[in-house]
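S.K.: Supplied in structure tokens, the structure appears directly below.
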Amino acid sequence: MTVLSKTKDGKGLARPIYLDYQATTPCDPRVVQAMLPYFTEKFGNPHSRNHVYGWEAEDGVEKAREQVASILGADMKEVIFTSGATESNNLALKGVAHFYKDKRNHVVTCVTEHKCVLDTCRHLEQEGFSVTYLPVGKDGLIDLGQLEEVVTERTAIVSIMAVNNEIGVIQPLAEIGAICRKKGAFFHTDGAQAVGKIPIDVNAMNIDLLSVSGHKFYGPKGIGALYVRRRPRVRLVAMINGGGQERGMRSGTLPTPLCVGLGEASAIAQAEMGVENVRLSALRDRLLGGIRQRLPEVYLNGDLDRRIPGNLNLSFAFVEGEGLMMGVKDLSVSSGSACTSASLEPSYVLRALGVQDEMAHTSLRLGIGRFTTDEEIDYAIDHIVEAVSRLREMSPLWEMHQDGIDIQSIEWAEH
Amino acid sequence: MAYSEKVIDHYEHPRNVGSFGKEDGAVGTGLVGAPACGDVMKLQIKVSADGIIEDAKFKTFGCGSAIASSSLVTEWVKGKTLDEAAAIKNTEIAQHLALPPVKIHCSVLAEDAIKAAIADYRKKTRADDEAAE
């Protein structure tokens, strides 16, 4: 195990501990190794049919397609490469909505989706589609009864994310898939935070379209995939027209090294997921337990059990999130506080769970992953406890709480 | 976002953190902002018999810029008369701390906190004067 290296004065770390694995992950060195030959020696255009440069690049791409298909339980013909989950989500929603618009003009999604799904749905609304945004419960999950009610014979596509990027909760995919299949609507899931983290089986779960992002599970940035079911066949209108690559659904020369990287990342994740999730669960429990043992008034946002092991989202009551992030400068984390976003609004995901604004302002997202160590977790616990304790001593709200004053009972002048 | 050195200095070494007893007649307390908006400042001033602010304390729930703004004004108000303190402008605070545009509201809140503390002190002394008459 590597020992954390300190700054010269010994007061902090030379480089902060990375605890933001839901934002992105480092490329696994094994992924980089697999990619390297495709930059220099095997640099051919995978669509060149007339020479060995093209063939070897094509071999690399097709092996990668098989690796991606394998982690999804899909057939390789059902996987198309894209630039990432944002493009995949756009293509799935717009592509299906546009193709089936004469018979079905309704889309169902959920309020805690990633912005690229929500913004695409807004765009479809402007085009005349009707969109239903399902709420979520306090646990962050949709209500299946409600889903069943809103899906009709006019619904073209239901898009519900597999795992939420802020709170890590896992939606009941198989149950959603069963409802969609029964009603004849396609089921799309944004799998950006799920693929490589939890087992996915597109057939067992009746998933018709699924978005993949490479950089969320130790692959390179700039590559993703969209799974598009062949039986029963899902058809979509392409957004990018050109040479007809990727079965006409996504034209453009494939970036061979990136495809190979995504494939390798999938193969590694598939092989190691079982063991890795046990390790991550232990690290997560150690982090949560360590913090809660030493700090009162810490609240977990989202369900704990139906959650990927690599995510915690905690509200540290009476301490503002951005101020706290400045205090935990040896950790690279993110916050649901308003001050960290351009909009000055606290996280819409936490709001959707019914988390009060004042609690949303105190939240930190702690993401752990493949390269997180026990030593880093122990350092993080000490560092967070110290910073929260210091800031609570400076917090007028903590003082009121200690004096038994209910913060809610005060008439605040909201600004 | 990178913070200015002055903001980091006040954040890491805040001046005059703490509280005076609210019941003390020489103390004026200003509590401004709202938890739902992500910042709350409590600023207290202790005023001498001849109307000079001789001490100040603060507690703040907020980001680094909010903590720095309130820490700074506790330094600035000390030794000033109430009128002088009331004349401190948010633009001076923002300029001194080199706050970016998105953080200007922190300096506005600090100015509001001074004014609220002074108003509270004046209300108290007026009530005392009336009780004495």
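As shown in the structure tokens, the chain order sets the letters A, B, ...; within each chain, residues go from 1, and ligands are also counted from 1 in the order they appear.
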Please determine the contact residues of chain A with respect to chain B at a cut-off of 9 Å, counting only C-alpha atoms, and supply them as JSON, numbers by chain.

M.R.: {"A": [318, 319, 320, 321, 322, 323, 324, 325, 326, 327, 337, 338, 339, 340, 342, 344, 345, 346, 356, 357, 358, 359, 360, 361, 362, 391, 392, 393, 394, 395, 396, 397, 398, 399, 407, 411, 412, 413, 414, 415]}

S.K.: Excluding same-chain residues fewer than 5 positions from Phe20 in chain B, what lies within 12 Å of it counting only C-alpha atoms, as a PyMOL selection string?

M.R.: chain B and resi 25-30+42-47+55-59

S.K.: Could you tell me how far CA of Ala267 in chain A sits from CA of Ala194 in chain A, in Å to one decimal place?

M.R.: 14.8 Å

S.K.: If you run DSSP on this backbone, which residues of range 127-216 of chain A come out as alpha helix (DSSP H), and could you give them as a PyMOL selection string?

M.R.: chain A and resi 144-150+173-183

S.K.: With DSSP run on the backbone, what are the strand (DSSP E or B) residues within range 39-182 of chain A? I'd like them as a list of chain:residue names.

M.R.: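 Of range 39-182 of chain A, only A:Val79, A:Ile80, A:Phe81, A:Thr82, A:His106, A:Val107, A:Val108, A:Thr109, A:Cys110, A:Ser130, A:Val131, A:Thr132, A:Tyr133, A:Leu134, A:Thr155, A:Ala156, A:Ile157, A:Val158, A:Ser159, A:Val163, A:Val169, A:Ile170 fall in strand (DSSP E or B).
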
S.K.: Could you write out that same residue set with N, CA and C atoms as a short mmCIF file (atom, residue, chain, number, x, y, z; two decimals), in the first residue's frame?

M.R.:
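out01.cif written:
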data_model
loop_
_atom_site.label_atom_id
_atom_site.label_comp_id
_atom_site.auth_asym_id
_atom_site.auth_seq_id
_atom_site.Cartn_x
_atom_site.Cartn_y
_atom_site.Cartn_z
N VAL A 79 -24.81 -3.40 -29.86
CA VAL A 79 -24.04 -2.34 -29.20
C VAL A 79 -23.50 -1.37 -30.24
N ILE A 80 -23.79 -0.09 -30.09
CA ILE A 80 -23.18 0.90 -30.97
C ILE A 80 -22.35 1.87 -30.12
N PHE A 81 -21.23 2.28 -30.67
CA PHE A 81 -20.35 3.19 -29.95
C PHE A 81 -20.79 4.64 -30.16
N THR A 82 -20.67 5.42 -29.08
CA THR A 82 -20.99 6.85 -29.14
C THR A 82 -19.87 7.61 -28.42
N HIS A 106 -45.66 10.12 -26.31
CA HIS A 106 -45.53 10.33 -24.86
C HIS A 106 -44.23 9.70 -24.35
N VAL A 107 -43.58 10.40 -23.46
CA VAL A 107 -42.33 9.94 -22.86
C VAL A 107 -42.49 9.97 -21.35
N VAL A 108 -41.95 8.96 -20.68
CA VAL A 108 -41.98 8.95 -19.20
C VAL A 108 -40.55 8.95 -18.69
N THR A 109 -40.27 9.82 -17.73
CA THR A 109 -38.95 9.81 -17.10
C THR A 109 -39.13 10.16 -15.63
N CYS A 110 -38.07 10.55 -14.97
CA CYS A 110 -38.17 10.76 -13.52
C CYS A 110 -37.39 12.03 -13.15
N SER A 130 -45.41 14.88 -25.24
CA SER A 130 -45.78 15.11 -23.85
C SER A 130 -44.89 14.23 -22.98
N VAL A 131 -44.42 14.79 -21.88
CA VAL A 131 -43.48 14.09 -21.01
C VAL A 131 -44.04 14.04 -19.59
N THR A 132 -44.01 12.86 -18.98
CA THR A 132 -44.39 12.71 -17.58
C THR A 132 -43.13 12.55 -16.76
N TYR A 133 -42.97 13.39 -15.74
CA TYR A 133 -41.81 13.31 -14.85
C TYR A 133 -42.27 12.67 -13.54
N LEU A 134 -41.88 11.43 -13.33
CA LEU A 134 -42.28 10.73 -12.09
C LEU A 134 -41.51 11.27 -10.90
N THR A 155 -47.41 5.80 -25.00
CA THR A 155 -46.04 6.01 -24.50
C THR A 155 -45.03 5.31 -25.42
N ALA A 156 -44.11 6.09 -25.97
CA ALA A 156 -43.10 5.52 -26.85
C ALA A 156 -41.96 4.94 -26.01
N ILE A 157 -41.52 5.68 -25.01
CA ILE A 157 -40.31 5.28 -24.29
C ILE A 157 -40.40 5.72 -22.82
N VAL A 158 -39.91 4.83 -21.97
CA VAL A 158 -39.78 5.13 -20.54
C VAL A 158 -38.28 5.18 -20.27
N SER A 159 -37.80 6.30 -19.72
CA SER A 159 -36.37 6.42 -19.45
C SER A 159 -36.16 6.63 -17.95
N VAL A 163 -28.73 3.92 -11.92
CA VAL A 163 -28.14 4.37 -10.66
C VAL A 163 -28.02 5.88 -10.70
N VAL A 169 -28.48 5.57 -5.63
CA VAL A 169 -29.53 4.56 -5.43
C VAL A 169 -29.83 3.83 -6.73
N ILE A 170 -30.19 2.55 -6.58
CA ILE A 170 -30.43 1.67 -7.74
C ILE A 170 -31.93 1.54 -7.94
#

S.K.: Write out as a ChimeraX atom specification each polymer residue whose atoms come within 9 Å of range 92-105 of chain A, counting only C-alpha atoms; drop sequence neighbours fewer than 3 positions from it.

M.R.: /A:87-89,117,120-121,123-124,128-131,153-159,186,188,209-211,226,228,234-239,249

S.K.: Selection from above, C-alpha atoms, as an mmCIF file, in the first residue's frame, can you write it?

M.R.:
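Result saved to result.cif:
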data_model
loop_
_atom_site.group_PDB
_atom_site.id
_atom_site.type_symbol
_atom_site.label_atom_id
_atom_site.label_comp_id
_atom_site.auth_asym_id
_atom_site.auth_seq_id
_atom_site.Cartn_x
_atom_site.Cartn_y
_atom_site.Cartn_z
ATOM 1 C CA GLU A 87 -24.899 11.360 -26.609
ATOM 2 C CA SER A 88 -26.353 7.905 -25.924
ATOM 3 C CA ASN A 89 -29.175 9.381 -23.849
ATOM 4 C CA VAL A 117 -31.997 13.246 -19.943
ATOM 5 C CA THR A 120 -33.512 16.215 -23.823
ATOM 6 C CA CYS A 121 -37.051 15.688 -22.495
ATOM 7 C CA HIS A 123 -36.457 19.643 -25.912
ATOM 8 C CA LEU A 124 -38.941 16.928 -26.901
ATOM 9 C CA GLY A 128 -44.764 18.724 -29.132
ATOM 10 C CA PHE A 129 -44.199 15.480 -27.243
ATOM 11 C CA SER A 130 -45.780 15.111 -23.854
ATOM 12 C CA VAL A 131 -43.480 14.090 -21.012
ATOM 13 C CA GLU A 153 -50.483 2.874 -25.400
ATOM 14 C CA ARG A 154 -49.346 6.371 -26.408
ATOM 15 C CA THR A 155 -46.042 6.006 -24.502
ATOM 16 C CA ALA A 156 -43.100 5.524 -26.845
ATOM 17 C CA ILE A 157 -40.315 5.278 -24.288
ATOM 18 C CA VAL A 158 -39.778 5.128 -20.543
ATOM 19 C CA SER A 159 -36.370 6.415 -19.448
ATOM 20 C CA PHE A 186 -39.614 0.753 -24.828
ATOM 21 C CA HIS A 188 -34.365 2.960 -21.799
ATOM 22 C CA LEU A 209 -31.959 0.657 -24.708
ATOM 23 C CA LEU A 210 -29.095 1.324 -22.298
ATOM 24 C CA SER A 211 -26.520 4.117 -22.200
ATOM 25 C CA LEU A 226 -25.789 2.607 -26.595
ATOM 26 C CA VAL A 228 -30.251 -1.067 -28.852
ATOM 27 C CA VAL A 234 -36.054 -0.983 -31.515
ATOM 28 C CA ARG A 235 -35.777 1.519 -34.337
ATOM 29 C CA LEU A 236 -34.516 5.031 -34.077
ATOM 30 C CA VAL A 237 -33.853 8.087 -36.177
ATOM 31 C CA ALA A 238 -30.135 8.905 -36.274
ATOM 32 C CA MET A 239 -28.934 12.264 -35.018
ATOM 33 C CA MET A 249 -27.519 4.862 -36.159
#

S.K.: One decimal, Å: what's the distance from CA of Asn301 in chain A over to CA of Leu19 in chain A, could you say?

M.R.: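 If I compute the distance from CA of Asn301 in chain A to CA of Leu19 in chain A, I get 17.0 Å.
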
S.K.: May I have the residues within 12 Å of range 142-149 of chain A as a VMD selection string, using only C-alpha atoms and disregarding those fewer than 2 positions away in the same chain?

M.R.: chain A and resid 107 to 113 132 to 140 151 to 153 155 158 to 164 169 to 185 187 352 to 353

S.K.: Restrict the selected residues to C-alpha atoms and save them as a CSV table (one decimal), in the first residue's frame.

M.R.:
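Contents of the output file out.csv:
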chain,number,residue,atom,x,y,z
A,107,VAL,CA,-42.3,9.9,-22.9
A,108,VAL,CA,-42.0,8.9,-19.2
A,109,THR,CA,-38.9,9.8,-17.1
A,110,CYS,CA,-38.2,10.8,-13.5
A,111,VAL,CA,-37.3,14.0,-11.7
A,112,THR,CA,-33.9,12.8,-10.5
A,113,GLU,CA,-32.5,11.9,-13.9
A,132,THR,CA,-44.4,12.7,-17.6
A,133,TYR,CA,-41.8,13.3,-14.8
A,134,LEU,CA,-42.3,10.7,-12.1
A,135,PRO,CA,-41.5,11.8,-8.5
A,136,VAL,CA,-39.3,9.8,-6.2
A,137,GLY,CA,-39.8,8.8,-2.6
A,138,LYS,CA,-37.5,9.8,0.3
A,139,ASP,CA,-35.4,6.8,-0.6
A,140,GLY,CA,-34.8,8.2,-4.1
A,151,VAL,CA,-47.6,4.4,-19.1
A,152,THR,CA,-50.2,4.1,-21.8
A,153,GLU,CA,-50.5,2.9,-25.4
A,155,THR,CA,-46.0,6.0,-24.5
A,158,VAL,CA,-39.8,5.1,-20.5
A,159,SER,CA,-36.4,6.4,-19.4
A,160,ILE,CA,-35.4,5.7,-15.8
A,161,MET,CA,-31.8,5.8,-14.8
A,162,ALA,CA,-30.2,2.6,-13.3
A,163,VAL,CA,-28.1,4.4,-10.7
A,164,ASN,CA,-28.4,8.0,-9.6
A,169,VAL,CA,-29.5,4.6,-5.4
A,170,ILE,CA,-30.4,1.7,-7.7
A,171,GLN,CA,-33.9,1.8,-9.4
A,172,PRO,CA,-35.8,-1.5,-9.6
A,173,LEU,CA,-34.8,-2.2,-13.2
A,174,ALA,CA,-36.4,-5.6,-13.7
A,175,GLU,CA,-39.7,-4.4,-12.3
A,176,ILE,CA,-39.7,-1.3,-14.5
A,177,GLY,CA,-38.7,-3.5,-17.5
A,178,ALA,CA,-41.6,-5.9,-16.9
A,179,ILE,CA,-44.1,-3.0,-16.7
A,180,CYS,CA,-42.8,-1.5,-19.9
A,181,ARG,CA,-42.9,-4.8,-21.8
A,182,LYS,CA,-46.4,-5.4,-20.7
A,183,LYS,CA,-47.5,-2.0,-21.9
A,184,GLY,CA,-45.6,-2.1,-25.1
A,185,ALA,CA,-43.4,0.9,-24.4
A,187,PHE,CA,-37.5,0.9,-21.7
A,352,ALA,CA,-36.8,15.7,-5.1
A,353,LEU,CA,-36.2,13.4,-2.1

S.K.: Nearest to Arg365 in chain A among A:Gln245, A:Asn50, A:Asn206, A:Asn165, with distances taken over only C-alpha atoms: which residue is it?

M.R.: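 Of A:Gln245, A:Asn50, A:Asn206, A:Asn165, the one nearest Arg365 in chain A, counting only C-alpha atoms, is A:Asn165.
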
S.K.: If we count only C-alpha atoms, what is near Ile240 in chain A at a cut-off of 10 Å, once residues fewer than 2 positions away on the same chain are taken out, given as a PyMOL selection string?

M.R.: chain A and resi 91+237-238+242-244+248-252

S.K.: Quick one: pull the distance between CA of Asp28 in chain A and CA of Ala269 in chain A, Å, one decimal.

M.R.: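 Separating CA of Asp28 in chain A from CA of Ala269 in chain A is a distance of 10.3 Å.
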